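Engineer: Have a peek at entry_3.txt (compact mmCIF, C-alpha atoms and all ligand atoms).
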# COMPACT_ATOMS: atom_id res chain seq x y z
CA MET A 1 0.84 27.83 -5.66
CA ASN A 2 3.47 25.49 -4.30
CA ASP A 3 5.68 28.53 -3.79
CA ASN A 4 7.90 29.45 -0.88
CA THR A 5 5.59 31.98 0.77
CA ILE A 6 4.34 30.56 4.03
CA PRO A 7 0.54 31.07 4.21
CA ALA A 8 -0.39 33.29 7.17
CA GLY A 9 -1.37 31.42 10.32
CA VAL A 10 -0.29 27.98 9.07
CA PRO A 11 2.49 26.32 11.09
CA ALA A 12 5.53 25.87 8.85
CA VAL A 13 7.57 22.68 9.23
CA ASP A 14 10.96 22.12 7.60
CA ILE A 15 10.74 18.30 7.54
CA ASP A 16 11.42 16.52 4.21
CA PRO A 17 9.11 13.46 4.28
CA PHE A 18 10.90 12.00 1.25
CA SER A 19 14.45 12.15 2.62
CA ASP A 20 16.34 8.94 3.42
CA ALA A 21 16.43 9.82 7.13
CA PHE A 22 12.66 10.39 7.31
CA LEU A 23 11.82 7.27 5.32
CA THR A 24 14.16 5.15 7.46
CA ASP A 25 12.35 6.16 10.66
CA PRO A 26 9.41 8.53 10.21
CA TYR A 27 7.72 8.21 13.58
CA ALA A 28 9.35 11.05 15.56
CA ASP A 29 8.76 13.43 12.64
CA HIS A 30 5.13 12.22 12.38
CA GLU A 31 4.69 13.31 16.00
CA ARG A 32 6.29 16.70 15.30
CA MET A 33 3.92 17.27 12.38
CA ARG A 34 0.82 16.19 14.35
CA GLU A 35 1.78 18.50 17.20
CA ALA A 36 2.57 21.47 14.93
CA GLY A 37 -1.11 21.75 14.02
CA PRO A 38 -4.06 20.09 12.29
CA VAL A 39 -2.89 21.48 8.96
CA ILE A 40 0.73 22.40 8.35
CA TRP A 41 2.90 23.87 5.59
CA LEU A 42 5.90 21.85 4.42
CA THR A 43 8.43 24.50 3.42
CA LYS A 44 10.68 22.10 1.51
CA TYR A 45 7.99 21.50 -1.14
CA GLY A 46 5.63 24.44 -0.56
CA ILE A 47 2.62 22.24 0.11
CA TYR A 48 -0.06 21.79 2.75
CA ALA A 49 -0.09 18.59 4.77
CA THR A 50 -1.92 16.89 7.60
CA ALA A 51 -0.69 14.16 9.93
CA ARG A 52 -3.74 13.93 12.21
CA HIS A 53 -6.39 11.25 11.97
CA ALA A 54 -9.47 13.53 11.87
CA GLU A 55 -8.08 15.74 9.09
CA VAL A 56 -6.64 12.87 7.02
CA ARG A 57 -10.04 11.19 7.14
CA ALA A 58 -11.83 14.48 6.36
CA VAL A 59 -9.69 15.08 3.25
CA LEU A 60 -10.02 11.52 1.95
CA ASN A 61 -13.79 11.51 2.51
CA ASP A 62 -14.29 14.78 0.60
CA HIS A 63 -13.57 13.82 -3.01
CA GLU A 64 -15.39 16.87 -4.40
CA ASN A 65 -13.07 19.35 -2.74
CA TYR A 66 -9.95 17.16 -2.76
CA ILE A 67 -9.61 15.60 -6.19
CA SER A 68 -7.44 12.78 -7.56
CA SER A 69 -7.47 13.59 -11.28
CA ALA A 70 -4.57 16.04 -10.82
CA GLY A 71 -2.54 13.09 -9.54
CA VAL A 72 -2.22 11.55 -6.08
CA GLY A 73 1.49 12.30 -5.89
CA LEU A 74 3.42 15.55 -5.55
CA ALA A 75 3.25 16.24 -9.29
CA ASN A 76 0.25 18.29 -10.40
CA PHE A 77 -0.94 16.71 -13.66
CA ASN A 78 -2.66 19.97 -14.60
CA LYS A 79 0.81 21.53 -14.84
CA GLU A 80 3.13 18.69 -15.79
CA ALA A 81 2.65 15.53 -17.80
CA PRO A 82 2.10 12.32 -15.79
CA PHE A 83 5.06 9.92 -15.87
CA ARG A 84 2.76 7.28 -17.37
CA PRO A 85 -0.76 7.49 -18.87
CA LYS A 86 -3.10 8.25 -15.96
CA SER A 87 -4.73 5.36 -14.13
CA LEU A 88 -8.45 5.14 -14.91
CA ILE A 89 -9.28 4.54 -11.26
CA LEU A 90 -6.52 6.01 -9.07
CA GLU A 91 -6.00 9.29 -10.89
CA ALA A 92 -9.66 9.93 -11.73
CA ASP A 93 -12.71 11.62 -10.23
CA PRO A 94 -16.40 10.83 -10.58
CA PRO A 95 -18.08 10.13 -12.91
CA SER A 96 -15.28 8.34 -14.80
CA HIS A 97 -13.83 6.95 -11.56
CA THR A 98 -17.21 5.50 -10.61
CA LYS A 99 -17.39 3.42 -13.79
CA ALA A 100 -13.89 1.97 -13.43
CA ARG A 101 -14.34 1.38 -9.72
CA ALA A 102 -17.58 -0.57 -10.24
CA ILE A 103 -15.84 -3.04 -12.54
CA LEU A 104 -12.87 -3.67 -10.23
CA ALA A 105 -15.14 -3.81 -7.15
CA ARG A 106 -17.28 -6.50 -8.78
CA ILE A 107 -14.19 -8.57 -9.67
CA LEU A 108 -12.68 -8.19 -6.18
CA SER A 109 -15.94 -8.86 -4.32
CA PRO A 110 -16.49 -10.95 -1.18
CA LYS A 111 -18.01 -13.59 -3.48
CA THR A 112 -14.76 -13.77 -5.44
CA VAL A 113 -12.83 -14.13 -2.20
CA MET A 114 -14.91 -17.18 -1.32
CA GLN A 115 -13.96 -18.68 -4.68
CA ILE A 116 -10.22 -18.02 -4.41
CA ARG A 117 -9.87 -18.77 -0.70
CA GLU A 118 -9.14 -22.49 -1.10
CA ALA A 119 -6.32 -21.96 -3.63
CA PHE A 120 -4.82 -19.06 -1.65
CA GLN A 121 -4.91 -21.17 1.53
CA GLN A 122 -3.23 -24.19 -0.08
CA GLU A 123 -0.46 -21.98 -1.38
CA ALA A 124 0.04 -20.36 2.03
CA GLU A 125 0.26 -23.76 3.76
CA GLN A 126 2.74 -25.14 1.21
CA LEU A 127 4.87 -22.01 1.33
CA LEU A 128 5.03 -22.06 5.13
CA ASP A 129 6.06 -25.73 5.04
CA ARG A 130 8.99 -24.77 2.80
CA PHE A 131 9.75 -21.66 4.88
CA VAL A 132 9.93 -23.61 8.13
CA ALA A 133 12.01 -26.38 6.50
CA LYS A 134 14.50 -23.81 5.20
CA ALA A 135 14.74 -22.19 8.65
CA ALA A 136 15.45 -25.61 10.20
CA GLU A 137 18.09 -26.40 7.57
CA ASP A 138 19.92 -23.05 7.60
CA GLY A 139 19.32 -21.95 11.21
CA GLN A 140 17.64 -18.80 9.89
CA VAL A 141 15.42 -17.64 7.06
CA ASP A 142 14.54 -14.37 5.33
CA GLY A 143 10.98 -13.19 5.97
CA VAL A 144 11.04 -10.96 2.90
CA THR A 145 12.85 -12.82 0.13
CA GLU A 146 11.56 -16.25 1.24
CA LEU A 147 8.04 -15.31 2.29
CA SER A 148 6.54 -11.82 1.95
CA GLU A 149 7.78 -11.36 -1.64
CA VAL A 150 7.06 -14.94 -2.65
CA TYR A 151 3.42 -15.32 -1.64
CA PRO A 152 1.76 -12.23 -3.21
CA LEU A 153 3.88 -12.72 -6.33
CA LYS A 154 2.39 -16.22 -6.68
CA VAL A 155 -1.27 -16.03 -5.63
CA PHE A 156 -2.40 -12.63 -6.93
CA PRO A 157 -0.90 -12.82 -10.44
CA ASP A 158 -2.24 -16.40 -10.64
CA ALA A 159 -5.72 -15.03 -9.87
CA VAL A 160 -5.27 -12.23 -12.43
CA GLY A 161 -4.24 -14.89 -14.95
CA LEU A 162 -0.68 -13.76 -15.61
CA GLU A 163 1.93 -16.24 -16.85
CA ALA A 164 4.60 -17.34 -14.34
CA GLU A 165 7.60 -16.10 -16.36
CA GLY A 166 9.01 -12.66 -15.52
CA ARG A 167 6.93 -11.85 -12.48
CA LYS A 168 9.84 -10.12 -10.74
CA ASN A 169 9.02 -7.26 -13.14
CA LEU A 170 5.93 -6.62 -11.01
CA LEU A 171 8.10 -5.70 -8.01
CA LEU A 172 10.33 -3.44 -10.10
CA TYR A 173 7.30 -1.76 -11.64
CA GLY A 174 5.57 -1.32 -8.28
CA ASN A 175 8.72 0.17 -6.77
CA MET A 176 8.79 2.71 -9.57
CA VAL A 177 5.06 3.53 -9.46
CA PHE A 178 5.14 4.13 -5.71
CA ASN A 179 8.32 6.21 -5.93
CA SER A 180 6.66 8.31 -8.63
CA PHE A 181 4.14 9.70 -6.11
CA GLY A 182 7.01 11.52 -4.39
CA PRO A 183 9.39 14.22 -5.65
CA ARG A 184 11.92 13.63 -8.41
CA ASN A 185 14.57 12.65 -5.89
CA GLU A 186 17.38 10.11 -6.08
CA LEU A 187 15.01 7.27 -5.10
CA LEU A 188 12.79 7.94 -8.11
CA ARG A 189 15.74 8.37 -10.46
CA LYS A 190 17.25 5.03 -9.40
CA SER A 191 14.00 3.07 -9.63
CA ALA A 192 13.21 4.66 -13.00
CA GLU A 193 16.46 3.50 -14.60
CA LEU A 194 14.79 0.29 -15.73
CA VAL A 195 11.54 1.99 -16.66
CA GLN A 196 11.58 1.17 -20.38
CA PRO A 197 11.88 -2.65 -20.45
CA VAL A 198 9.79 -3.10 -17.28
CA THR A 199 6.96 -0.87 -18.50
CA GLN A 200 7.01 -2.60 -21.86
CA TRP A 201 6.74 -6.02 -20.18
CA ILE A 202 3.85 -4.81 -18.00
CA MET A 203 1.87 -3.31 -20.91
CA GLU A 204 2.39 -6.44 -23.04
CA HIS A 205 1.00 -8.58 -20.25
CA CYS A 206 -2.09 -6.40 -19.93
CA SER A 207 -3.33 -7.60 -23.33
CA ARG A 208 -6.10 -10.17 -23.63
CA GLU A 209 -3.87 -12.78 -25.30
CA HIS A 210 -1.57 -12.83 -22.29
CA LEU A 211 -4.33 -13.37 -19.73
CA ARG A 212 -5.81 -16.74 -18.72
CA PRO A 213 -9.52 -17.01 -19.58
CA GLY A 214 -11.62 -16.67 -16.44
CA GLY A 215 -8.98 -14.79 -14.41
CA PHE A 216 -9.41 -11.28 -12.97
CA GLY A 217 -7.70 -9.78 -16.04
CA ASP A 218 -9.97 -11.59 -18.46
CA MET A 219 -13.01 -10.50 -16.41
CA ILE A 220 -12.06 -6.89 -17.24
CA PHE A 221 -12.10 -7.72 -20.95
CA GLN A 222 -15.49 -9.41 -20.47
CA ALA A 223 -16.77 -6.12 -19.01
CA ALA A 224 -15.49 -4.44 -22.18
CA ASP A 225 -17.34 -7.06 -24.29
CA ARG A 226 -20.52 -6.05 -22.45
CA GLY A 227 -19.87 -2.43 -23.35
CA GLU A 228 -19.19 -1.25 -19.78
CA ILE A 229 -15.81 0.15 -20.85
CA THR A 230 -14.04 0.38 -24.21
CA GLN A 231 -11.63 -2.27 -25.48
CA GLU A 232 -8.86 0.34 -25.14
CA GLU A 233 -9.69 0.94 -21.47
CA ALA A 234 -9.54 -2.75 -20.50
CA PRO A 235 -5.72 -3.15 -20.56
CA MET A 236 -5.42 0.06 -18.53
CA LEU A 237 -7.52 -1.47 -15.76
CA VAL A 238 -5.45 -4.66 -15.89
CA ARG A 239 -2.45 -2.36 -15.41
CA SER A 240 -4.08 -1.11 -12.19
CA PHE A 241 -4.19 -4.69 -10.85
CA LEU A 242 -0.53 -5.17 -11.71
CA SER A 243 0.48 -1.78 -10.26
CA ALA A 244 -1.36 -1.93 -6.95
CA GLY A 245 -1.86 -5.62 -6.18
CA VAL A 246 1.61 -6.92 -5.37
CA ASP A 247 3.99 -4.40 -3.77
CA THR A 248 1.30 -3.35 -1.30
CA THR A 249 0.61 -6.84 0.05
CA VAL A 250 4.31 -7.78 -0.06
CA ASN A 251 5.00 -4.98 2.37
CA GLY A 252 1.84 -5.46 4.40
CA ILE A 253 2.92 -9.03 5.09
CA GLY A 254 6.61 -8.16 5.54
CA ASN A 255 5.78 -5.42 8.05
CA ALA A 256 3.44 -7.76 9.94
CA LEU A 257 6.26 -10.33 10.29
CA LEU A 258 8.57 -7.62 11.63
CA CYS A 259 5.93 -6.46 14.16
CA LEU A 260 5.49 -10.03 15.40
CA ALA A 261 9.24 -10.71 15.60
CA GLN A 262 9.70 -7.52 17.65
CA ASN A 263 6.79 -8.25 19.98
CA PRO A 264 7.14 -11.83 21.28
CA ASP A 265 4.23 -11.41 23.73
CA GLN A 266 1.96 -10.56 20.80
CA TYR A 267 3.27 -13.49 18.74
CA GLU A 268 2.58 -15.79 21.67
CA LYS A 269 -1.05 -14.61 21.71
CA LEU A 270 -1.35 -15.32 18.00
CA ARG A 271 0.24 -18.76 18.35
CA ALA A 272 -2.11 -19.65 21.22
CA ASP A 273 -5.11 -18.54 19.15
CA PRO A 274 -4.50 -18.49 15.37
CA THR A 275 -7.99 -17.01 14.82
CA LEU A 276 -6.28 -13.76 15.85
CA ALA A 277 -4.48 -13.78 12.47
CA ARG A 278 -6.95 -11.35 10.90
CA PRO A 279 -6.96 -8.75 13.70
CA ALA A 280 -3.17 -9.15 13.99
CA PHE A 281 -2.75 -8.30 10.31
CA GLU A 282 -5.09 -5.33 10.72
CA GLU A 283 -3.10 -4.03 13.69
CA ALA A 284 0.13 -4.40 11.70
CA LEU A 285 -1.45 -2.30 8.94
CA ARG A 286 -2.21 0.40 11.49
CA TYR A 287 1.16 0.19 13.24
CA GLU A 288 3.42 -0.06 10.14
CA SER A 289 1.26 1.08 7.25
CA ALA A 290 2.56 -0.26 3.93
CA VAL A 291 1.25 2.83 2.11
CA GLN A 292 2.47 5.81 4.12
CA THR A 293 1.17 8.84 2.22
CA PHE A 294 -1.15 10.14 -0.46
CA PHE A 295 -1.79 13.52 -2.02
CA ARG A 296 -4.95 15.19 -3.12
CA THR A 297 -5.40 18.50 -4.97
CA THR A 298 -7.94 21.17 -3.98
CA ALA A 299 -10.63 21.62 -6.63
CA ARG A 300 -11.72 25.01 -5.22
CA ASP A 301 -11.00 27.28 -2.26
CA VAL A 302 -11.59 25.10 0.82
CA GLU A 303 -11.26 25.29 4.57
CA LEU A 304 -9.68 22.49 6.58
CA ALA A 305 -9.62 22.69 10.40
CA GLY A 306 -10.06 26.46 10.10
CA VAL A 307 -7.23 26.83 7.56
CA LYS A 308 -8.16 28.37 4.21
CA ILE A 309 -6.56 26.58 1.27
CA ALA A 310 -6.90 28.07 -2.21
CA GLU A 311 -7.87 26.09 -5.32
CA GLY A 312 -5.14 24.08 -7.05
CA HIS A 313 -2.98 23.24 -4.03
CA LYS A 314 -1.51 19.86 -3.23
CA VAL A 315 -2.43 18.49 0.20
CA LEU A 316 -0.29 15.65 1.55
CA THR A 317 -2.11 13.22 3.86
CA PHE A 318 0.04 11.12 6.20
CA LEU A 319 -1.95 7.88 6.52
CA ALA A 320 0.71 6.29 8.72
CA ALA A 321 0.83 9.29 11.06
CA ALA A 322 -2.98 9.30 11.34
CA ASN A 323 -2.71 5.65 12.32
CA ARG A 324 -0.63 6.59 15.38
CA ASP A 325 -2.50 9.75 16.38
CA ALA A 326 -3.09 9.68 20.16
CA ARG A 327 -6.23 11.75 19.51
CA GLN A 328 -7.66 8.61 17.90
CA TRP A 329 -5.87 5.62 19.44
CA PRO A 330 -5.10 4.80 23.06
CA ASP A 331 -1.38 4.02 23.46
CA PRO A 332 -0.83 4.39 19.69
CA ASP A 333 2.84 3.30 19.66
CA ARG A 334 1.97 -0.06 21.16
CA PHE A 335 1.52 -3.02 18.76
CA ASP A 336 -1.46 -4.85 20.26
CA ILE A 337 -3.14 -7.57 18.22
CA THR A 338 -6.18 -7.60 20.52
CA ARG A 339 -6.92 -3.98 19.64
CA ARG A 340 -9.58 -3.65 16.95
CA PRO A 341 -8.18 -0.76 14.88
CA THR A 342 -11.41 0.04 13.04
CA GLY A 343 -11.09 3.32 11.20
CA HIS A 344 -7.36 3.03 10.44
CA MET A 345 -6.27 4.79 7.27
CA ALA A 346 -3.92 2.14 5.85
CA PHE A 347 -6.45 1.33 3.08
CA GLY A 348 -7.33 4.99 2.68
CA SER A 349 -10.95 6.06 3.11
CA GLY A 350 -13.88 7.25 1.01
CA ILE A 351 -14.56 6.52 -2.66
CA HIS A 352 -10.89 5.74 -3.39
CA GLY A 353 -10.47 3.41 -0.40
CA CYS A 354 -8.57 0.26 -1.40
CA VAL A 355 -10.75 -1.73 -3.80
CA GLY A 356 -8.62 -4.85 -3.22
CA GLN A 357 -8.76 -4.84 0.55
CA VAL A 358 -10.69 -8.10 0.78
CA VAL A 359 -7.90 -9.83 -1.13
CA ALA A 360 -5.17 -8.08 0.89
CA ARG A 361 -6.80 -9.16 4.15
CA LEU A 362 -7.23 -12.69 2.86
CA GLU A 363 -3.51 -12.94 2.04
CA GLY A 364 -2.50 -11.52 5.42
CA GLU A 365 -4.85 -13.78 7.32
CA LEU A 366 -3.77 -16.95 5.53
CA ILE A 367 -0.04 -16.29 5.92
CA LEU A 368 -0.28 -15.42 9.62
CA THR A 369 -2.56 -18.42 10.28
CA ALA A 370 -0.17 -20.83 8.54
CA LEU A 371 2.73 -19.27 10.48
CA ALA A 372 0.98 -19.52 13.86
CA LYS A 373 0.14 -23.19 13.29
CA ARG A 374 3.79 -24.12 12.65
CA VAL A 375 6.04 -21.74 14.56
CA LYS A 376 6.40 -21.53 18.33
CA THR A 377 8.60 -18.44 18.45
CA ILE A 378 9.87 -15.99 15.85
CA GLU A 379 12.76 -13.62 16.48
CA LEU A 380 15.13 -11.39 14.55
CA ALA A 381 18.38 -13.16 13.57
CA GLY A 382 19.94 -9.83 12.58
CA PRO A 383 18.93 -6.27 11.76
CA PRO A 384 16.19 -5.90 9.14
CA THR A 385 17.19 -3.81 6.13
CA ARG A 386 14.91 -1.30 4.44
CA ARG A 387 14.14 -0.64 0.82
CA LEU A 388 13.45 3.08 0.92
CA ASN A 389 10.53 4.19 -1.22
CA ASN A 390 8.77 7.56 -1.49
CA THR A 391 5.38 6.00 -0.62
CA LEU A 392 5.88 2.48 0.71
CA ARG A 393 7.22 1.34 4.07
CA ALA A 394 9.26 -1.49 2.65
CA LEU A 395 11.84 -4.05 3.77
CA SER A 396 14.52 -5.61 1.60
CA ASN A 397 15.58 -8.26 4.12
CA LEU A 398 14.22 -9.64 7.38
CA PRO A 399 16.53 -12.30 8.91
CA LEU A 400 14.48 -14.52 11.22
CA ARG A 401 15.13 -17.40 13.59
CA LEU A 402 12.20 -19.73 14.18
CA VAL A 403 11.47 -22.33 16.81
CA THR A 404 9.02 -24.76 15.27
CA ALA A 405 6.11 -26.33 17.09
C1 LIG A 501 -2.10 2.34 -5.02
C2 LIG A 501 -1.34 3.26 -3.08
C3 LIG A 501 -3.31 2.10 -10.54
C4 LIG A 501 -2.97 2.13 -9.11
C5 LIG A 501 -3.96 2.05 -8.17
C6 LIG A 501 -3.67 2.13 -6.83
C7 LIG A 501 -2.37 2.26 -6.43
C8 LIG A 501 -1.35 2.31 -7.34
C9 LIG A 501 -1.64 2.24 -8.69
C10 LIG A 501 -2.47 1.41 -4.11
C11 LIG A 501 -1.47 3.39 -4.44
O1 LIG A 501 -4.50 2.18 -10.84
O2 LIG A 501 -2.42 2.00 -11.37
S1 LIG A 501 -2.02 1.84 -2.56
Kindly present the structure from the file in structure tokens form.
Ligand code: EJD
Structural biologist:
Amino acid sequence: MNDNTIPAGVPAVDIDPFSDAFLTDPYADHERMREAGPVIWLTKYGIYATARHAEVRAVLNDHENYISSAGVGLANFNKEAPFRPKSLILEADPPSHTKARAILARILSPKTVMQIREAFQQEAEQLLDRFVAKAAEDGQVDGVTELSEVYPLKVFPDAVGLEAEGRKNLLLYGNMVFNSFGPRNELLRKSAELVQPVTQWIMEHCSREHLRPGGFGDMIFQAADRGEITQEEAPMLVRSFLSAGVDTTVNGIGNALLCLAQNPDQYEKLRADPTLARPAFEEALRYESAVQTFFRTTARDVELAGVKIAEGHKVLTFLAAANRDARQWPDPDRFDITRRPTGHMAFGSGIHGCVGQVVARLEGELILTALAKRVKTIELAGPPTRRLNNTLRALSNLPLRLVTA
């Protein structure tokens, strides 16, 4: 397993999907991997992979053959210890996954979204007022440090019931968690330097005493009070909120701003009709997927697109490559906010599909709506800079010039 013998009949590809060059611009290599075959062998890591939409969806929708409990990163938890205690929802299979999922799904339901919408909208409007004022004052503004990092760091932890102090730890922790799904490369080593104090801060803030009564975090402890999970499991599920709920939306929103700045015709459509905010955010998720990859592990000997894969192998699914597969999407490299990209893989698919997607979509919609109502044109004021991460497509800076309406 994970050795350097190329399995017979499987196209071997020498691409390293966790190298700086790949992570900086993955799209040409995505195409190479899609064209090499439906299932390929990545020689650098000795793993199977798929970059095509049909096979990515097939793997993610088959949780019995492709399990998560051995980890959803490169590391196989059946052979090496996880870098942190396993997530009760992400790194779990049914039936234990089902129980955890039900609790988080109830908390992050459409009904909840109706209740938080007003507060999330007010915050988006106020933030965009400040953002536009800063752009007018300075001649330019940063779409990441002044907007995409600010908004999710305010509204989601507020909803969870986390205190305001120290929230930057959430970004550091997220950066580390998402790097940990890749190999032990330089990116992981650098982001793990601060692991001790950041992890300690996170775990402290997962306790009941640190969480505002009535917030999403407290609702997990209420589920424990009802006996749905143990009191020891509750903080672990709060940790899932804090791991997955910020970095993902930060980059979803940041990438959407970049797409709009690079496609003025599409921004003009959004400005003319701000009700396009939701489909525009969805198209940005397809076009520049915040979460680029995920692994599964085969639970038994399986066959994928005619390729036999033995039990215990890692299979890397390229969500972002699936989202630009010409077999699935007409003109896939075109950012088109009037496209309805139903079936994109940016939230995954199947039983592990993003449980927070209603909240993510709400945040995206409200930010793009508030932007469209205030800003006539948005353009790059300089080159965007990337924060390379083994899993996330992330920006560190996005200099923007705005013309206000
Ligand atoms: C995730 C890619 C957790 C956890 C759950 C989900 C993610 C990360 C962490 C969201 C990964 O349960 O800790 S998108």
Engineer: Given all atoms listed in the file as the basis, pick out the residue of A:Ala290, A:Ala284, A:Ala12, A:Leu88 nearest to A:Arg387.
Structural biologist: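 Looking only at the distances to A:Arg387, the closest residue turns out to be A:Ala290.
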Engineer: Step by step: start from the point (2.4, -12.8, 22.6) in the file's coordinates, keep every protein, DNA or RNA residue that has an atom no farther than 12 Å from it, count all atoms listed in the file, and write the set as JSON, numbers by chain.
Structural biologist: {"A": [259, 260, 261, 262, 263, 264, 265, 266, 267, 268, 269, 270, 271, 272, 273, 274, 276, 280, 335, 336, 337, 338, 372, 376, 377, 378]}
Engineer: Produce as a PDB file with C-alpha atoms, keeping the file's coordinate frame the set of residues near ligand LIG 501 (chain A), where near means within 6 Å with all atoms listed in the file considered.
Structural biologist:
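part_13.pdb, written as the output of this step:
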ATOM      1  CA  SER A  87      -4.730   5.360 -14.130  1.00  0.00           C
ATOM      2  CA  ILE A  89      -9.280   4.540 -11.260  1.00  0.00           C
ATOM      3  CA  LEU A  90      -6.520   6.010  -9.070  1.00  0.00           C
ATOM      4  CA  ARG A 239      -2.450  -2.360 -15.410  1.00  0.00           C
ATOM      5  CA  SER A 240      -4.080  -1.110 -12.190  1.00  0.00           C
ATOM      6  CA  SER A 243       0.480  -1.780 -10.260  1.00  0.00           C
ATOM      7  CA  ALA A 244      -1.360  -1.930  -6.950  1.00  0.00           C
ATOM      8  CA  VAL A 291       1.250   2.830   2.110  1.00  0.00           C
TER       9      VAL A 291
END
Engineer: Excluding stretch 201-212 of chain A and its own-chain neighbours fewer than 4 positions away, which residues fall within 6 Å of it when counting only C-alpha atoms? Please give them as an mmCIF file with C-alpha atoms, in the coordinates of the input.
Structural biologist:
data_model
loop_
_atom_site.group_PDB
_atom_site.id
_atom_site.type_symbol
_atom_site.label_atom_id
_atom_site.label_comp_id
_atom_site.auth_asym_id
_atom_site.auth_seq_id
_atom_site.Cartn_x
_atom_site.Cartn_y
_atom_site.Cartn_z
ATOM 1 C CA GLY A 161 -4.240 -14.890 -14.950
ATOM 2 C CA LEU A 162 -0.680 -13.760 -15.610
ATOM 3 C CA PRO A 235 -5.720 -3.150 -20.560
ATOM 4 C CA VAL A 238 -5.450 -4.660 -15.890
#
Engineer: How many Å separate atom CA of A:Asp29 from atom CA of A:Ala320?
Structural biologist: 11.5 Å
Engineer: Go through A:Phe83, A:Trp41, A:Phe22, A:Phe131 one by one, measure the shortest atom-to-atom distance of each to A:Arg184 using all atoms listed in the file, and give the residue with the smallest value.
Structural biologist: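 Smallest separation from A:Arg184 among the options: A:Phe83.
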Engineer: Using all atoms listed in the file, which protein or nucleic acid residues come within 10 Å of stretch 80-82 of chain A? Drop anything in the same chain fewer than 4 positions from it, and give the result as a VMD selection string.
Structural biologist: chain A and resid 70 to 71 73 75 to 76 86 to 87 91 180
Engineer: For the residues selected in the previous step, produce a file with C-alpha atoms as a PDB file, keeping the file's coordinate frame.
Structural biologist:
ATOM      1  CA  ALA A  70      -4.570  16.040 -10.820  1.00  0.00           C
ATOM      2  CA  GLY A  71      -2.540  13.090  -9.540  1.00  0.00           C
ATOM      3  CA  GLY A  73       1.490  12.300  -5.890  1.00  0.00           C
ATOM      4  CA  ALA A  75       3.250  16.240  -9.290  1.00  0.00           C
ATOM      5  CA  ASN A  76       0.250  18.290 -10.400  1.00  0.00           C
ATOM      6  CA  LYS A  86      -3.100   8.250 -15.960  1.00  0.00           C
ATOM      7  CA  SER A  87      -4.730   5.360 -14.130  1.00  0.00           C
ATOM      8  CA  GLU A  91      -6.000   9.290 -10.890  1.00  0.00           C
ATOM      9  CA  SER A 180       6.660   8.310  -8.630  1.00  0.00           C
TER      10      SER A 180
END
Engineer: Between atom CA of A:Lys314 and atom CA of A:Ser349, what distance in Å does the model show, to one decimal?
Structural biologist: 17.9 Å
